[in-house]
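See structure below.
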Amino acid sequence: MPRLENDLTTLGDAARAYLDRTHGLHIGGNVHDTARSYELKDPTSGLVFARAADASAADVDAAVKAARSALAGPWGSMRPNERELAMLRLADLLERHETEIAEIETLCSGRLLANTRGVDVGYSAHFLRYMAGWSTKLAGQTARLSIPYIPDGEMAGFTFREPIGVVGAIVPWNVALGIAVWKIAPALAAGCTIVLKPAAQTPLSALRFAELALKAGIPEGVINIVTGSGAETGIALVRHPDINMVTFTGSTAVGRQIAVDAAGSFKRCSLELGGKSPVILFQDAPLERAIPAAAWAIFSNHGQNCCAGSRLYVHRSIYEQVIEGVAEIARSITIGSPLDKATQMGPVVTQAQQKRIHELIEAGKAEGARVVVGGEPIEGPGSYVPPTVLTDVRADMTPVREEIFGPVLVAASFATDGEALSLANASEYGLGASIWTNDLDRVHHMTRRLEAGSIWVNVHNALDVALPFGGWKNSGMGADLSETAVLAHTKVKAAVHHYL
Ligand code: NDP
């Protein structure tokens with residue numbers, strides 16, 4: 001059995017030095033001490049490895065004030081190309097600190113080092129560079145006008161895209177820095193300033209990122225980080241009267257509460273919420289690719305992906321073969337410390353999450369689902385959950401309806417394309433869906449009718465910076481990534497010029 005607990009002596013010097021520091025808030029470019037702090041626990045052992053600052057409503061207010069004055073000050077007067085260059089420098093710096101940041105992220109979240117390197121650092125640098133380019137490309141429109149009640153003379157109309165203002169961003173732990181950068185980069189490109197609250201479990205990577213932003217030449221007060229709980233820090237941010245937009249990624253329940261809280265002061269909201277994304281294998285699916293892809297659609301990042309392929313629907317002619325193939329992969333997965341290169345699956349983020357996942361598995365068993373592999377808790381101080389496959393499920397079963405956010409796949413067979421479509425759409429969520437087939441007619445038919453914001457054909461969870469990523473139904477409103485996200489951080493001003 002590989003080692004389950006992290007060996008902290010394997011951490012690099014930079015990560016160790018950072019962890020040893022006292023972690024305050026990052027406000028106006030300075031470390032801001034708070035009256036209270038809380039413990040950060042290693043998910044592989046439950047041991048405390050650092051403390052983080054717990055921001056009160058007054059601390060949040062100080063951060064919003066810093067963001068407001070940076071907007072009125074140096075950042076607001078910087079030219080678009082200066083913003084672009086600063087973002088490009090930040091991308092370079094992030095890559096230079098790859099090991100340090102990836103190790104910090106892995107320690108807080110339990111995610112594999114390869115994943116935190118590739119996604120939180122690599123993808124974030126790539127995304128920052130893509131968004132940097134938008135700084136110089138935002139433009140309005142011009143129009144010749146014909147207003148019936150102003151009959152004389154000639155008029156021209158213009159629109160301007162202005163930054164929406166101070167953005168309040170709240171993010172989860174499952175791709176902590178990656179999602180923080182999804183929020184920060186389009187806001188910077190549009191010329192906004194930001195106050196970001198990371199998830200309580202994963203506050204450190206965002207704090208370190210904000211320090212690197214200063215080094216890259218992004219002025220003090222543009223990026224502010226307030227760490228703490230959703231119940232106090234998060235609510236204070238959403239309700240703050242001087243925030244112009246709330247951008248949130250997290251659960252549907254919290255997203256619903258945020259929409260209500262933000263409505264009081266008409267803040268714009270972008271909400272990226274939960275998912276229960278189907279993977280549909282038709283009878284002509286390329287199985288040599290589709291079976292491993294179906295397994296890793298759910299097991300990668302230990303099932304903690306918003307668009308994890310958590311429901312598998314397979315044509316009945318290939319059902320047994322596919323389930324056996326996925327189960328074989330599940331049995332072969334190496335579980336262990338996420339700092340260890342040989343590990344393929346680490347712990348889930350907390351013991352509370354581990355407990356919830358097992359409750360959902362037990363609910364499925366009680367409702368008649370069959371456990372093909374996994375399903376039993378892994379004893380020990382770490383919050384490990386084995387890769388689990390539940391088959392012969394019905395749409396009304398608890399683990400089929402609810403987002404589990406762990407390495408648990410539910411699977412069922414179908415006989416016709418129509419049945420596959422209704423099984424896939426029978427969910428309150430609509431984040432992503434993948435279909436596996438070589439039949440072009442079927443591809444078009446299904447792509448049009450599946451109720452989800454992203455449809456993938458012969459691939460799953462393929463998120464490109466150039467395409468919007470947002471949910472339908474209870475998976476949210478608005479979208480991250482692409483030009484869509486930049487425009488969401490602007491407000492439009494229309495101007496009329498009546499020639500003399
Ligand atoms: P939560 O919704 O519990 O928390 C997300 C963030 O919101 C955390 O920072 C949390 O603080 C904060 N928060 C909690 N309550 C409030 C509140 N009332 N007001 C303001 N902020 C609050 O989600 P999880 O952290 O458990 O993350 C998992 C969820 O995120 C899953 O549902 C997943 O599908 C979703 N997700 C969606 C994605 C998408 O793009 N659609 C991408 C990734 C994840 P605290 O740390 O104290 O809990």
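Residues in the structure tokens are named by chain (A, B, ... in the order shown) and by number from 1 within that chain; ligands are numbered from 1 in the order shown.
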- Message: Can you tell me which residues surround segment 121-134 of chain A at a distance of at most 8 Å, considering only C-alpha atoms, apart from same-chain residues fewer than 5 positions away, and format the answer as a ChimeraX atom specification?
- Response: /A:83-85,87-88,90-92,94-95,98,101-102,116,177-178,181-182,185-186,189-190,465,482-483,486
Deliver the residues from the most recent selection as a file, using N, CA and C atoms, as a PDB file, in the first residue's frame.
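Heads up, here's the output in again.pdb:
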```pdb
ATOM      1  N   ARG A  83      -1.872  47.686 -19.009  1.00  0.00           N
ATOM      2  CA  ARG A  83      -2.543  46.584 -18.280  1.00  0.00           C
ATOM      3  C   ARG A  83      -2.158  45.247 -18.905  1.00  0.00           C
ATOM      4  N   GLU A  84      -2.169  45.231 -20.234  1.00  0.00           N
ATOM      5  CA  GLU A  84      -1.840  43.991 -20.952  1.00  0.00           C
ATOM      6  C   GLU A  84      -0.435  43.507 -20.579  1.00  0.00           C
ATOM      7  N   LEU A  85       0.526  44.445 -20.603  1.00  0.00           N
ATOM      8  CA  LEU A  85       1.916  44.050 -20.320  1.00  0.00           C
ATOM      9  C   LEU A  85       2.061  43.547 -18.885  1.00  0.00           C
ATOM     10  N   MET A  87      -0.206  42.054 -17.113  1.00  0.00           N
ATOM     11  CA  MET A  87      -0.788  40.703 -17.029  1.00  0.00           C
ATOM     12  C   MET A  87       0.159  39.669 -17.645  1.00  0.00           C
ATOM     13  N   LEU A  88       0.833  40.058 -18.718  1.00  0.00           N
ATOM     14  CA  LEU A  88       1.794  39.124 -19.339  1.00  0.00           C
ATOM     15  C   LEU A  88       2.968  38.849 -18.382  1.00  0.00           C
ATOM     16  N   LEU A  90       2.770  38.957 -15.186  1.00  0.00           N
ATOM     17  CA  LEU A  90       2.233  38.116 -14.101  1.00  0.00           C
ATOM     18  C   LEU A  90       2.198  36.638 -14.523  1.00  0.00           C
ATOM     19  N   ALA A  91       1.827  36.387 -15.777  1.00  0.00           N
ATOM     20  CA  ALA A  91       1.814  35.001 -16.276  1.00  0.00           C
ATOM     21  C   ALA A  91       3.218  34.402 -16.189  1.00  0.00           C
ATOM     22  N   ASP A  92       4.218  35.193 -16.579  1.00  0.00           N
ATOM     23  CA  ASP A  92       5.610  34.695 -16.526  1.00  0.00           C
ATOM     24  C   ASP A  92       6.022  34.393 -15.084  1.00  0.00           C
ATOM     25  N   LEU A  94       4.129  33.708 -12.544  1.00  0.00           N
ATOM     26  CA  LEU A  94       3.397  32.540 -12.036  1.00  0.00           C
ATOM     27  C   LEU A  94       4.126  31.257 -12.442  1.00  0.00           C
ATOM     28  N   GLU A  95       4.538  31.207 -13.700  1.00  0.00           N
ATOM     29  CA  GLU A  95       5.258  30.010 -14.162  1.00  0.00           C
ATOM     30  C   GLU A  95       6.596  29.852 -13.432  1.00  0.00           C
ATOM     31  N   GLU A  98       6.155  28.025 -10.196  1.00  0.00           N
ATOM     32  CA  GLU A  98       5.262  26.864 -10.370  1.00  0.00           C
ATOM     33  C   GLU A  98       5.339  25.875  -9.206  1.00  0.00           C
ATOM     34  N   ILE A 101       3.914  27.253  -5.808  1.00  0.00           N
ATOM     35  CA  ILE A 101       2.458  27.446  -5.762  1.00  0.00           C
ATOM     36  C   ILE A 101       1.732  26.104  -5.858  1.00  0.00           C
ATOM     37  N   ALA A 102       2.234  25.228  -6.714  1.00  0.00           N
ATOM     38  CA  ALA A 102       1.579  23.916  -6.853  1.00  0.00           C
ATOM     39  C   ALA A 102       1.662  23.142  -5.530  1.00  0.00           C
ATOM     40  N   THR A 116      -2.189  20.326  -9.841  1.00  0.00           N
ATOM     41  CA  THR A 116      -2.049  21.730  -9.423  1.00  0.00           C
ATOM     42  C   THR A 116      -0.992  22.430 -10.289  1.00  0.00           C
ATOM     43  N   LEU A 177      -6.729  28.056  -7.180  1.00  0.00           N
ATOM     44  CA  LEU A 177      -6.118  29.199  -7.866  1.00  0.00           C
ATOM     45  C   LEU A 177      -6.620  29.278  -9.308  1.00  0.00           C
ATOM     46  N   GLY A 178      -6.821  28.122  -9.938  1.00  0.00           N
ATOM     47  CA  GLY A 178      -7.310  28.117 -11.325  1.00  0.00           C
ATOM     48  C   GLY A 178      -8.607  28.909 -11.457  1.00  0.00           C
ATOM     49  N   VAL A 181      -8.196  32.649 -10.871  1.00  0.00           N
ATOM     50  CA  VAL A 181      -7.675  33.358 -12.049  1.00  0.00           C
ATOM     51  C   VAL A 181      -8.764  33.492 -13.123  1.00  0.00           C
ATOM     52  N   TRP A 182      -9.676  32.511 -13.200  1.00  0.00           N
ATOM     53  CA  TRP A 182     -10.831  32.663 -14.107  1.00  0.00           C
ATOM     54  C   TRP A 182     -11.614  33.934 -13.761  1.00  0.00           C
ATOM     55  N   ALA A 185      -8.660  37.389 -14.088  1.00  0.00           N
ATOM     56  CA  ALA A 185      -8.088  37.806 -15.379  1.00  0.00           C
ATOM     57  C   ALA A 185      -9.073  38.624 -16.237  1.00  0.00           C
ATOM     58  N   PRO A 186     -10.320  38.201 -16.417  1.00  0.00           N
ATOM     59  CA  PRO A 186     -11.213  39.047 -17.229  1.00  0.00           C
ATOM     60  C   PRO A 186     -11.530  40.377 -16.563  1.00  0.00           C
ATOM     61  N   ALA A 189      -8.581  42.565 -17.384  1.00  0.00           N
ATOM     62  CA  ALA A 189      -8.615  42.956 -18.810  1.00  0.00           C
ATOM     63  C   ALA A 189      -9.624  44.074 -19.029  1.00  0.00           C
ATOM     64  N   ALA A 190     -10.747  44.015 -18.310  1.00  0.00           N
ATOM     65  CA  ALA A 190     -11.794  45.040 -18.477  1.00  0.00           C
ATOM     66  C   ALA A 190     -11.469  46.319 -17.705  1.00  0.00           C
ATOM     67  N   VAL A 465      -9.917  28.388 -23.412  1.00  0.00           N
ATOM     68  CA  VAL A 465     -10.039  29.798 -22.995  1.00  0.00           C
ATOM     69  C   VAL A 465     -10.896  30.612 -23.962  1.00  0.00           C
ATOM     70  N   SER A 482     -13.311  33.249 -22.183  1.00  0.00           N
ATOM     71  CA  SER A 482     -13.628  33.842 -23.487  1.00  0.00           C
ATOM     72  C   SER A 482     -14.008  35.326 -23.405  1.00  0.00           C
ATOM     73  N   GLU A 483     -14.286  35.874 -24.569  1.00  0.00           N
ATOM     74  CA  GLU A 483     -14.742  37.267 -24.692  1.00  0.00           C
ATOM     75  C   GLU A 483     -15.995  37.515 -23.849  1.00  0.00           C
ATOM     76  N   VAL A 486     -15.121  38.711 -20.445  1.00  0.00           N
ATOM     77  CA  VAL A 486     -14.590  40.089 -20.399  1.00  0.00           C
ATOM     78  C   VAL A 486     -15.752  41.077 -20.502  1.00  0.00           C
TER      79      VAL A 486
END
```
- ligand 1 neighbours within 8 Å using only C-alpha atoms and all ligand atoms, as an MDAnalysis selection string: chainID A and resid 170:175 179 197:202 228:238 248:255 257:258 271:275 304:307 403 405 431 469:471 475:476 480
Just C-alpha atoms for this one: save the residues we selected as an mmCIF file, in the first residue's frame.
```cif
data_model
loop_
_atom_site.group_PDB
_atom_site.id
_atom_site.type_symbol
_atom_site.label_atom_id
_atom_site.label_comp_id
_atom_site.auth_asym_id
_atom_site.auth_seq_id
_atom_site.Cartn_x
_atom_site.Cartn_y
_atom_site.Cartn_z
ATOM 1 C CA ILE A 170 -15.908 34.068 -4.348
ATOM 2 C CA VAL A 171 -14.374 30.738 -5.305
ATOM 3 C CA PRO A 172 -14.311 27.080 -4.170
ATOM 4 C CA TRP A 173 -11.426 24.781 -3.233
ATOM 5 C CA ASN A 174 -11.591 22.197 -6.010
ATOM 6 C CA VAL A 175 -9.373 24.160 -8.439
ATOM 7 C CA ILE A 179 -10.841 29.348 -10.667
ATOM 8 C CA LYS A 197 -12.514 35.411 -1.129
ATOM 9 C CA PRO A 198 -10.938 31.991 -1.606
ATOM 10 C CA ALA A 199 -12.491 28.896 -0.029
ATOM 11 C CA ALA A 200 -11.642 28.565 3.658
ATOM 12 C CA GLN A 201 -9.601 25.375 3.014
ATOM 13 C CA THR A 202 -7.448 26.841 0.207
ATOM 14 C CA GLY A 228 -12.294 33.472 5.973
ATOM 15 C CA SER A 229 -15.621 31.703 6.014
ATOM 16 C CA GLY A 230 -18.480 32.036 3.567
ATOM 17 C CA ALA A 231 -20.854 32.568 6.478
ATOM 18 C CA GLU A 232 -19.146 35.805 7.526
ATOM 19 C CA THR A 233 -16.502 37.007 5.032
ATOM 20 C CA GLY A 234 -18.411 35.796 1.946
ATOM 21 C CA ILE A 235 -21.739 37.271 3.011
ATOM 22 C CA ALA A 236 -20.092 40.601 3.942
ATOM 23 C CA LEU A 237 -18.550 40.781 0.471
ATOM 24 C CA VAL A 238 -21.741 39.965 -1.416
ATOM 25 C CA PHE A 248 -19.087 33.221 -7.868
ATOM 26 C CA THR A 249 -18.178 29.595 -8.421
ATOM 27 C CA GLY A 250 -19.519 27.060 -5.977
ATOM 28 C CA SER A 251 -22.559 25.038 -5.044
ATOM 29 C CA THR A 252 -26.059 25.689 -6.334
ATOM 30 C CA ALA A 253 -27.406 26.229 -2.811
ATOM 31 C CA VAL A 254 -24.889 28.991 -2.031
ATOM 32 C CA GLY A 255 -25.304 30.484 -5.524
ATOM 33 C CA GLN A 257 -28.369 32.640 -1.607
ATOM 34 C CA ILE A 258 -25.857 34.956 -3.313
ATOM 35 C CA LEU A 271 -22.849 32.271 -11.022
ATOM 36 C CA GLU A 272 -21.006 29.079 -11.986
ATOM 37 C CA LEU A 273 -22.680 26.345 -9.987
ATOM 38 C CA GLY A 274 -22.893 22.605 -9.519
ATOM 39 C CA GLY A 275 -23.251 19.886 -12.119
ATOM 40 C CA GLN A 304 -14.099 17.095 -7.490
ATOM 41 C CA ASN A 305 -14.786 18.749 -10.843
ATOM 42 C CA CYS A 306 -17.939 20.743 -11.453
ATOM 43 C CA CYS A 307 -18.319 19.087 -14.867
ATOM 44 C CA GLU A 403 -24.027 16.269 -7.073
ATOM 45 C CA PHE A 405 -18.381 15.879 -5.775
ATOM 46 C CA LEU A 431 -23.315 22.205 -16.981
ATOM 47 C CA PHE A 469 -18.098 28.050 -19.955
ATOM 48 C CA GLY A 470 -21.374 28.455 -18.122
ATOM 49 C CA GLY A 471 -24.262 26.394 -16.851
ATOM 50 C CA SER A 475 -25.894 25.073 -12.957
ATOM 51 C CA GLY A 476 -25.835 28.846 -13.022
ATOM 52 C CA ASP A 480 -16.463 32.246 -17.366
#
```
- Query: Please, which residues of segment 51-172 of chain A, numbered as in this document, come out strand (DSSP E or B) from DSSP, as a VMD selection string?
  - Reply: chain A and resid 51 to 54 142 to 144 155 to 163 166 to 170
- Message: Env of Gly380 of chain A: 10 Å cut, atoms = only C-alpha atoms, seq-sep filter 5 positions within chain, self excluded. Answer as a list in words.
- Response: Leu4, Glu5, Thr44, Ser45 and Gly46 of chain A
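Take atom CA of Pro241 of chain A and atom CA of Phe266 of chain A: the distance between them is 9.7 Å.
The coordinates place atom CA of Val31 of chain A at 15.3 Å from atom CA of Asp61 of chain A.
When only C-alpha atoms are used to compute distances to Leu360 of chain A, the closest of the residues A:Thr437, A:Thr22, A:Gln283, A:Thr388 turns out to be A:Thr388.
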- Smallest atom-to-atom distance to Ala14 of chain A: which of A:Val400, A:Asp42, A:Ile27, A:Arg96, using only C-alpha atoms? A:Arg96
